[in-house]
file data_23.cif (mmCIF, C-alpha atoms)
data_start
loop_
_atom_site.group_PDB
_atom_site.id
_atom_site.type_symbol
_atom_site.label_atom_id
_atom_site.label_comp_id
_atom_site.auth_asym_id
_atom_site.auth_seq_id
_atom_site.Cartn_x
_atom_site.Cartn_y
_atom_site.Cartn_z
ATOM 1 C CA MET A 1 0.000 0.000 0.000
ATOM 2 C CA THR A 2 1.073 3.603 -0.361
ATOM 3 C CA LEU A 3 1.934 5.771 2.617
ATOM 4 C CA LYS A 4 -1.007 7.955 1.645
ATOM 5 C CA GLU A 5 -3.242 4.940 2.291
ATOM 6 C CA VAL A 6 -1.479 4.333 5.614
ATOM 7 C CA VAL A 7 -2.257 7.896 6.660
ATOM 8 C CA GLU A 8 -5.912 7.497 5.684
ATOM 9 C CA ILE A 9 -6.320 4.149 7.451
ATOM 10 C CA VAL A 10 -4.939 5.355 10.801
ATOM 11 C CA HIS A 11 -6.335 8.892 10.443
ATOM 12 C CA GLY A 12 -2.770 10.032 10.732
ATOM 13 C CA THR A 13 -0.938 13.323 10.494
ATOM 14 C CA VAL A 14 2.220 13.665 8.427
ATOM 15 C CA LEU A 15 4.946 15.609 10.251
ATOM 16 C CA CYS A 16 7.672 15.404 7.611
ATOM 17 C CA GLY A 17 8.295 13.843 4.228
ATOM 18 C CA GLY A 18 4.787 14.591 2.983
ATOM 19 C CA GLU A 19 6.054 14.978 -0.571
ATOM 20 C CA ALA A 20 6.809 11.228 -0.733
ATOM 21 C CA LEU A 21 3.440 9.767 0.274
ATOM 22 C CA ASP A 22 3.161 7.921 -3.039
ATOM 23 C CA ARG A 23 5.945 5.643 -1.814
ATOM 24 C CA GLU A 24 4.895 1.999 -1.455
ATOM 25 C CA VAL A 25 5.405 0.019 1.738
ATOM 26 C CA HIS A 26 4.747 -3.705 2.006
ATOM 27 C CA LEU A 27 5.877 -4.752 5.486
ATOM 28 C CA GLY A 28 4.987 -3.545 8.974
ATOM 29 C CA PHE A 29 6.826 -4.064 12.264
ATOM 30 C CA ALA A 30 5.410 -2.832 15.563
ATOM 31 C CA SER A 31 7.806 -2.481 18.495
ATOM 32 C CA ASP A 32 9.044 -0.153 21.186
ATOM 33 C CA LEU A 33 12.247 -2.171 21.363
ATOM 34 C CA MET A 34 14.822 -0.716 19.008
ATOM 35 C CA SER A 35 17.033 -3.730 19.744
ATOM 36 C CA ASP A 36 14.427 -5.885 17.993
ATOM 37 C CA VAL A 37 14.120 -3.486 15.072
ATOM 38 C CA LEU A 38 17.880 -3.699 14.549
ATOM 39 C CA THR A 39 17.652 -7.459 14.000
ATOM 40 C CA LEU A 40 15.448 -7.046 10.894
ATOM 41 C CA LEU A 41 17.045 -7.733 7.542
ATOM 42 C CA ALA A 42 14.257 -6.355 5.336
ATOM 43 C CA ASP A 43 14.329 -2.658 4.395
ATOM 44 C CA ASP A 44 10.874 -1.923 3.051
ATOM 45 C CA ILE A 45 9.240 -1.606 6.467
ATOM 46 C CA LEU A 46 6.780 0.698 8.178
ATOM 47 C CA LEU A 47 8.007 0.964 11.764
ATOM 48 C CA ILE A 48 5.057 1.349 14.143
ATOM 49 C CA THR A 49 6.215 2.499 17.566
ATOM 50 C CA GLY A 50 5.295 4.359 20.698
ATOM 51 C CA LEU A 51 8.929 5.150 21.450
ATOM 52 C CA SER A 52 9.320 8.814 20.672
ATOM 53 C CA ASN A 53 12.971 9.734 21.027
ATOM 54 C CA ASN A 54 16.072 10.315 18.906
ATOM 55 C CA GLN A 55 16.990 6.645 18.985
ATOM 56 C CA ALA A 56 13.794 5.686 17.154
ATOM 57 C CA ILE A 57 14.907 7.897 14.267
ATOM 58 C CA ARG A 58 18.527 6.730 14.505
ATOM 59 C CA THR A 59 17.428 3.086 14.511
ATOM 60 C CA ALA A 60 15.326 3.675 11.402
ATOM 61 C CA GLU A 61 18.278 5.367 9.731
ATOM 62 C CA MET A 62 20.641 2.485 10.521
ATOM 63 C CA SER A 63 18.075 -0.117 9.458
ATOM 64 C CA ASP A 64 17.225 1.601 6.161
ATOM 65 C CA ILE A 65 13.648 2.133 7.323
ATOM 66 C CA SER A 66 12.171 5.149 5.555
ATOM 67 C CA GLN A 67 8.837 5.547 7.339
ATOM 68 C CA ILE A 68 7.777 5.638 10.988
ATOM 69 C CA LEU A 69 4.262 5.685 12.430
ATOM 70 C CA PHE A 70 4.152 7.012 16.011
ATOM 71 C CA VAL A 71 1.083 5.803 17.882
ATOM 72 C CA ARG A 72 -0.928 7.096 20.872
ATOM 73 C CA ASN A 73 -0.399 10.741 19.946
ATOM 74 C CA LYS A 74 3.317 10.677 20.671
ATOM 75 C CA LYS A 75 4.813 14.031 19.730
ATOM 76 C CA PRO A 76 8.240 13.819 18.108
ATOM 77 C CA THR A 77 10.539 16.691 19.023
ATOM 78 C CA LYS A 78 11.904 19.204 16.520
ATOM 79 C CA THR A 79 15.281 17.487 16.807
ATOM 80 C CA MET A 80 13.679 14.187 15.817
ATOM 81 C CA ILE A 81 11.831 15.765 12.897
ATOM 82 C CA ASP A 82 14.999 17.512 11.699
ATOM 83 C CA LEU A 83 16.942 14.245 11.937
ATOM 84 C CA ALA A 84 14.228 12.379 10.034
ATOM 85 C CA THR A 85 14.081 15.061 7.354
ATOM 86 C CA GLU A 86 17.864 14.940 6.962
ATOM 87 C CA HIS A 87 17.680 11.223 6.242
ATOM 88 C CA GLY A 88 14.520 11.205 4.117
ATOM 89 C CA ILE A 89 12.423 9.450 6.763
ATOM 90 C CA ILE A 90 8.677 10.122 6.719
ATOM 91 C CA ILE A 91 7.048 10.629 10.124
ATOM 92 C CA ILE A 92 3.337 9.960 10.605
ATOM 93 C CA THR A 93 1.503 10.218 13.937
ATOM 94 C CA THR A 94 -1.844 8.768 14.973
ATOM 95 C CA GLY A 95 -3.998 8.847 18.073
ATOM 96 C CA TYR A 96 -4.689 5.128 17.703
ATOM 97 C CA SER A 97 -2.990 2.569 19.928
ATOM 98 C CA MET A 98 -0.259 0.334 18.526
ATOM 99 C CA PHE A 99 -2.719 -2.591 18.587
ATOM 100 C CA ARG A 100 -5.456 -0.715 16.724
ATOM 101 C CA ALA A 101 -3.132 0.860 14.161
ATOM 102 C CA SER A 102 -1.397 -2.471 13.514
ATOM 103 C CA GLY A 103 -4.695 -4.330 13.243
ATOM 104 C CA LEU A 104 -6.163 -1.888 10.764
ATOM 105 C CA LEU A 105 -3.037 -1.861 8.605
ATOM 106 C CA PHE A 106 -2.758 -5.663 8.705
ATOM 107 C CA SER A 107 -6.410 -5.982 7.669
ATOM 108 C CA ALA A 108 -5.753 -3.603 4.801
ATOM 109 C CA GLY A 109 -2.929 -5.761 3.479
ATOM 110 C CA LEU A 110 0.253 -4.575 5.173
ATOM 111 C CA GLU A 111 2.259 -7.739 5.700
ATOM 112 C CA PRO A 112 4.108 -8.803 8.866
ATOM 113 C CA VAL A 113 7.883 -9.271 8.827
ATOM 114 C CA TYR A 114 7.531 -12.603 10.648
ATOM 115 C CA MET B 1 41.043 4.912 4.742
ATOM 116 C CA HIS B 2 41.190 5.128 8.499
ATOM 117 C CA VAL B 3 38.897 7.212 10.715
ATOM 118 C CA SER B 4 38.524 7.439 14.478
ATOM 119 C CA TYR B 5 35.953 8.905 16.831
ATOM 120 C CA SER B 6 35.413 9.258 20.568
ATOM 121 C CA VAL B 7 32.182 8.200 22.278
ATOM 122 C CA ALA B 8 30.995 9.757 25.542
ATOM 123 C CA ALA B 9 29.404 7.659 28.284
ATOM 124 C CA GLY B 10 25.730 8.327 28.906
ATOM 125 C CA ASP B 11 25.322 10.789 26.023
ATOM 126 C CA PHE B 12 22.171 9.299 24.537
ATOM 127 C CA SER B 13 21.268 12.396 22.570
ATOM 128 C CA ASN B 14 24.333 11.805 20.398
ATOM 129 C CA ALA B 15 24.312 7.997 20.399
ATOM 130 C CA GLY B 16 24.409 6.967 16.759
ATOM 131 C CA ASN B 17 26.346 9.961 15.473
ATOM 132 C CA VAL B 18 29.399 7.841 14.711
ATOM 133 C CA ALA B 19 27.388 5.130 12.955
ATOM 134 C CA SER B 20 25.576 7.796 10.951
ATOM 135 C CA THR B 21 28.851 9.434 9.903
ATOM 136 C CA VAL B 22 30.420 6.115 8.916
ATOM 137 C CA LYS B 23 27.288 5.174 6.973
ATOM 138 C CA GLY B 24 27.719 8.355 4.936
ATOM 139 C CA LEU B 25 31.352 7.452 4.251
ATOM 140 C CA LEU B 26 30.485 3.920 3.114
ATOM 141 C CA LYS B 27 27.790 5.283 0.797
ATOM 142 C CA GLN B 28 30.293 7.688 -0.752
ATOM 143 C CA LEU B 29 32.592 4.732 -1.389
ATOM 144 C CA ASN B 30 29.790 2.947 -3.269
ATOM 145 C CA ILE B 31 29.763 -0.053 -0.959
ATOM 146 C CA SER B 32 26.603 -2.091 -1.567
ATOM 147 C CA PRO B 33 23.520 -1.263 0.545
ATOM 148 C CA GLY B 34 23.402 -4.815 1.920
ATOM 149 C CA HIS B 35 26.966 -4.621 3.207
ATOM 150 C CA ILE B 36 26.439 -1.131 4.562
ATOM 151 C CA LYS B 37 23.383 -2.180 6.546
ATOM 152 C CA ARG B 38 25.175 -5.069 8.230
ATOM 153 C CA ILE B 39 28.220 -2.972 9.058
ATOM 154 C CA ILE B 40 26.199 -0.047 10.343
ATOM 155 C CA VAL B 41 23.766 -2.068 12.450
ATOM 156 C CA ALA B 42 26.694 -3.800 14.170
ATOM 157 C CA LEU B 43 28.510 -0.492 14.645
ATOM 158 C CA TYR B 44 25.395 1.227 15.988
ATOM 159 C CA GLU B 45 24.780 -1.583 18.482
ATOM 160 C CA ALA B 46 28.388 -1.337 19.656
ATOM 161 C CA GLU B 47 28.219 2.469 19.857
ATOM 162 C CA VAL B 48 25.030 2.303 21.939
ATOM 163 C CA ASN B 49 26.730 -0.246 24.217
ATOM 164 C CA VAL B 50 29.592 2.182 24.862
ATOM 165 C CA VAL B 51 27.117 4.982 25.655
ATOM 166 C CA ALA B 52 24.878 2.770 27.792
ATOM 167 C CA HIS B 53 27.287 0.530 29.675
ATOM 168 C CA SER B 54 30.814 1.950 29.671
ATOM 169 C CA ASN B 55 32.881 4.816 31.008
ATOM 170 C CA GLY B 56 33.335 6.072 27.452
ATOM 171 C CA GLY B 57 35.570 4.978 24.621
ATOM 172 C CA SER B 58 36.596 5.213 21.012
ATOM 173 C CA ILE B 59 35.754 3.782 17.614
ATOM 174 C CA GLU B 60 38.373 3.107 14.925
ATOM 175 C CA CYS B 61 37.325 2.177 11.389
ATOM 176 C CA GLY B 62 39.591 0.871 8.666
ATOM 177 C CA ILE B 63 37.982 0.817 5.237
ATOM 178 C CA GLU B 64 39.703 -1.181 2.495
ATOM 179 C CA PRO B 65 38.467 -2.235 -0.968
ATOM 180 C CA ASP B 66 37.736 -5.779 0.160
ATOM 181 C CA GLU B 67 36.979 -5.386 3.869
ATOM 182 C CA VAL B 68 35.979 -3.077 6.688
ATOM 183 C CA SER B 69 37.440 -3.480 10.153
ATOM 184 C CA ILE B 70 36.060 -1.695 13.196
ATOM 185 C CA VAL B 71 37.475 -1.636 16.716
ATOM 186 C CA VAL B 72 35.248 -0.323 19.486
ATOM 187 C CA ALA B 73 37.208 0.118 22.703
ATOM 188 C CA ASP B 74 35.993 1.462 26.024
ATOM 189 C CA THR B 75 37.770 2.188 29.302
ATOM 190 C CA GLY B 76 35.705 -0.189 31.427
ATOM 191 C CA PRO B 77 34.119 -1.370 33.629
ATOM 192 C CA GLY B 78 34.165 -4.598 31.608
ATOM 193 C CA ILE B 79 31.858 -7.598 31.189
ATOM 194 C CA PRO B 80 32.277 -10.158 34.005
ATOM 195 C CA ASP B 81 30.668 -13.078 32.141
ATOM 196 C CA LEU B 82 30.934 -12.688 28.365
ATOM 197 C CA GLU B 83 29.168 -15.952 27.540
ATOM 198 C CA LEU B 84 26.162 -14.841 29.565
ATOM 199 C CA ALA B 85 26.250 -11.384 27.969
ATOM 200 C CA MET B 86 26.133 -12.976 24.497
ATOM 201 C CA THR B 87 22.906 -14.787 25.405
ATOM 202 C CA GLU B 88 19.861 -13.318 23.657
ATOM 203 C CA GLY B 89 17.568 -11.647 26.168
ATOM 204 C CA TRP B 90 20.118 -11.334 28.969
ATOM 205 C CA SER B 91 20.628 -7.719 29.982
ATOM 206 C CA THR B 92 22.050 -5.520 32.720
ATOM 207 C CA ALA B 93 20.582 -2.359 31.237
ATOM 208 C CA THR B 94 19.369 0.418 33.500
ATOM 209 C CA VAL B 95 15.855 1.853 33.404
ATOM 210 C CA GLU B 96 17.238 4.842 31.510
ATOM 211 C CA VAL B 97 18.712 2.593 28.820
ATOM 212 C CA ARG B 98 15.457 0.658 28.492
ATOM 213 C CA GLU B 99 13.529 3.902 28.148
ATOM 214 C CA MET B 100 15.694 4.649 25.122
ATOM 215 C CA GLY B 101 14.438 1.449 23.484
ATOM 216 C CA PHE B 102 17.506 -0.638 24.226
ATOM 217 C CA GLY B 103 18.541 -3.103 26.884
ATOM 218 C CA ALA B 104 16.588 -6.055 25.502
ATOM 219 C CA GLY B 105 19.669 -8.211 25.652
ATOM 220 C CA MET B 106 20.045 -8.444 21.885
ATOM 221 C CA GLY B 107 23.011 -6.160 21.252
ATOM 222 C CA LEU B 108 26.051 -8.443 21.409
ATOM 223 C CA SER B 109 24.287 -11.377 19.764
ATOM 224 C CA ASN B 110 23.075 -9.068 16.998
ATOM 225 C CA ILE B 111 26.623 -7.804 16.484
ATOM 226 C CA ARG B 112 27.789 -11.408 16.153
ATOM 227 C CA LYS B 113 25.120 -12.092 13.492
ATOM 228 C CA HIS B 114 26.182 -9.130 11.393
ATOM 229 C CA THR B 115 29.948 -9.638 11.415
ATOM 230 C CA ASP B 116 32.189 -12.024 9.477
ATOM 231 C CA GLU B 117 34.716 -12.062 12.296
ATOM 232 C CA LEU B 118 34.207 -10.905 15.862
ATOM 233 C CA SER B 119 36.455 -10.928 18.878
ATOM 234 C CA ILE B 120 35.698 -9.455 22.282
ATOM 235 C CA ASP B 121 38.355 -8.857 24.898
ATOM 236 C CA THR B 122 36.904 -8.027 28.298
ATOM 237 C CA GLY B 123 36.648 -9.037 31.942
ATOM 238 C CA GLU B 124 35.411 -7.695 35.227
ATOM 239 C CA GLY B 125 37.057 -4.364 35.985
ATOM 240 C CA LYS B 126 38.808 -4.284 32.591
ATOM 241 C CA PRO B 127 38.310 -2.276 29.403
ATOM 242 C CA THR B 128 36.262 -3.939 26.690
ATOM 243 C CA THR B 129 37.523 -4.088 23.111
ATOM 244 C CA ILE B 130 35.256 -5.341 20.351
ATOM 245 C CA SER B 131 36.979 -6.073 17.039
ATOM 246 C CA MET B 132 34.733 -6.595 14.031
ATOM 247 C CA ARG B 133 35.652 -7.525 10.478
ATOM 248 C CA PHE B 134 33.354 -7.386 7.487
ATOM 249 C CA VAL B 135 34.278 -8.948 4.141
ATOM 250 C CA LEU B 136 33.037 -6.994 1.131
ATOM 251 C CA ASP B 137 33.311 -9.714 -1.550
ATOM 252 C CA GLY B 138 30.159 -11.642 -0.795
ATOM 253 C CA GLY B 139 31.197 -12.946 2.578
ATOM 254 C CA PHE B 140 27.902 -11.935 4.144
ATOM 255 C CA HIS B 141 24.929 -14.234 4.366
ATOM 256 C CA GLY B 142 21.404 -13.388 3.237
#

call {"tool": "encode", "arguments": {"input": "data_23.cif", "output": "structure tokens"}}
result
Amino acid sequence: MTLKEVVEIVHGTVLCGGEALDREVHLGFASDLMSDVLTLLADDILLITGLSNNQAIRTAEMSDISQILFVRNKKPTKTMIDLATEHGIIIITTGYSMFRASGLLFSAGLEPVY
Amino acid sequence: MHVSYSVAAGDFSNAGNVASTVKGLLKQLNISPGHIKRIIVALYEAEVNVVAHSNGGSIECGIEPDEVSIVVADTGPGIPDLELAMTEGWSTATVEVREMGFGAGMGLSNIRKHTDELSIDTGEGKPTTISMRFVLDGGFHG
């Protein structure tokens, strides 16, 4: 699905990278544990997380993950948004819980990594 | 090419700066994305370990046409039981480290998975030195 569809499904807000919402994403991974994210070999992933700090952005950068969905109305800081922008990472936020956002996206065809 | 960096203990706001810088270097050298990801994930894990668990340290990277070698050395306090520390899920991380999204006990084992050669010199009350080697001619798996 496209990131535009992701935004629509979770009633999300795009904080940066809005010009690239036509980008396709096929896999989703939901975790607050960056250690787990770093074990993933696939690149084409939507990271769904409630961990809103610099390391979430850094982990995405190191793992070649180009899109992050922050759940439960987490508010990324300006530093995080600047870092994401620098590395071409799209940030989307939603008020939905990780469970609800993941469930909706799974139902709509976003595939699990495992 | 040889580059070196220092890493401050407890400085989570800058954890990942070295890995990010080295990633940029490897991209400029046209190393394949697959190789870069494995090198950078291992380096990032090691860098976070220095920030989270050590008294501070340094990172030395040697980049050659056919291999990349990285030595991450801290000034202590050392790992008393390395075999236990390599076990997936085993962790001594503080609450602060866990709040940063780390401390799941995956770091050292993940480093091992991403390297072609790995050696760790440590002990209770000693500095820890992690030496990683990555072959660039198809030596990686997957």

call {"tool": "resolve_selection", "arguments": {"input": "data_23.cif", "expression": "the PyMOL selection byres ((chain B) within 10 of (chain A))", "output": "ChimeraX atom specification"}}
result
/B:12-17,19-20,23,33-34,36-45,48,98-107,109-111,113-114,142

call {"tool": "atom_distance", "arguments": {"input": "data_23.cif", "atom1": "atom CA of B:His2", "atom2": "atom CA of B:Thr75"}}
result
21.3 Å

call {"tool": "atom_distance", "arguments": {"input": "data_23.cif", "atom1": "atom CA of A:Ala84", "atom2": "atom CA of A:Gly18"}}
result
12.0 Å

call {"tool": "resolve_selection", "arguments": {"input": "data_23.cif", "expression": "the PyMOL selection byres ((chain B and resi 56) around 7)", "output": "PyMOL selection string"}}
result
chain B and resi 7-9+50-51+54-55+57+74-75

call {"tool": "write_last_selection", "arguments": {"input": "data_23.cif", "atoms": "C-alpha atoms", "output": "mmCIF file, in the coordinates of the input"}}
result
data_model
loop_
_atom_site.group_PDB
_atom_site.id
_atom_site.type_symbol
_atom_site.label_atom_id
_atom_site.label_comp_id
_atom_site.auth_asym_id
_atom_site.auth_seq_id
_atom_site.Cartn_x
_atom_site.Cartn_y
_atom_site.Cartn_z
ATOM 1 C CA VAL B 7 32.182 8.200 22.278
ATOM 2 C CA ALA B 8 30.995 9.757 25.542
ATOM 3 C CA ALA B 9 29.404 7.659 28.284
ATOM 4 C CA VAL B 50 29.592 2.182 24.862
ATOM 5 C CA VAL B 51 27.117 4.982 25.655
ATOM 6 C CA SER B 54 30.814 1.950 29.671
ATOM 7 C CA ASN B 55 32.881 4.816 31.008
ATOM 8 C CA GLY B 57 35.570 4.978 24.621
ATOM 9 C CA ASP B 74 35.993 1.462 26.024
ATOM 10 C CA THR B 75 37.770 2.188 29.302
#

call {"tool": "atom_distance", "arguments": {"input": "data_23.cif", "atom1": "atom CA of B:Ile130", "atom2": "atom CA of B:Leu26"}}
result
20.1 Å

call {"tool": "resolve_selection", "arguments": {"input": "data_23.cif", "expression": "the PyMOL selection byres ((chain B and resi 85) around 12)", "output": "list of chain:residue names"}}
result
B:Asn49, B:Gly78, B:Ile79, B:Pro80, B:Asp81, B:Leu82, B:Glu83, B:Leu84, B:Met86, B:Thr87, B:Glu88, B:Gly89, B:Trp90, B:Ser91, B:Thr92, B:Ala93, B:Gly103, B:Ala104, B:Gly105, B:Met106, B:Gly107, B:Leu108, B:Ser109, B:Asn110, B:Arg112, B:Ile120, B:Thr122, B:Gly123

call {"tool": "residues_around", "arguments": {"input": "data_23.cif", "residues": "A:Lys75", "least_positions_apart": "3", "cutoff": "12 Å", "atoms": "only C-alpha atoms", "output": "list in words"}}
result
Thr13, Val14, Leu15, Thr49, Gly50, Leu51, Ser52, Asn53, Asn54, Leu69, Phe70, Val71, Arg72, Lys78, Thr79, Met80, Ile81, Ile91, Ile92, Thr93, Thr94 and Gly95 of chain A

call {"tool": "residues_around", "arguments": {"input": "data_23.cif", "residues": "A:Leu3", "least_positions_apart": "3", "cutoff": "7 Å", "atoms": "all atoms listed in the file", "output": "list in words"}}
result
Val6, Val7, Leu21, Asp22, Arg23, Glu24 and Val25 of chain A

call {"tool": "closest_residue", "arguments": {"input": "data_23.cif", "among": "B:Thr129, B:Asp137, B:Val68, B:Val18", "to": "B:Glu117", "atoms": "all atoms listed in the file"}}
result
B:Val68
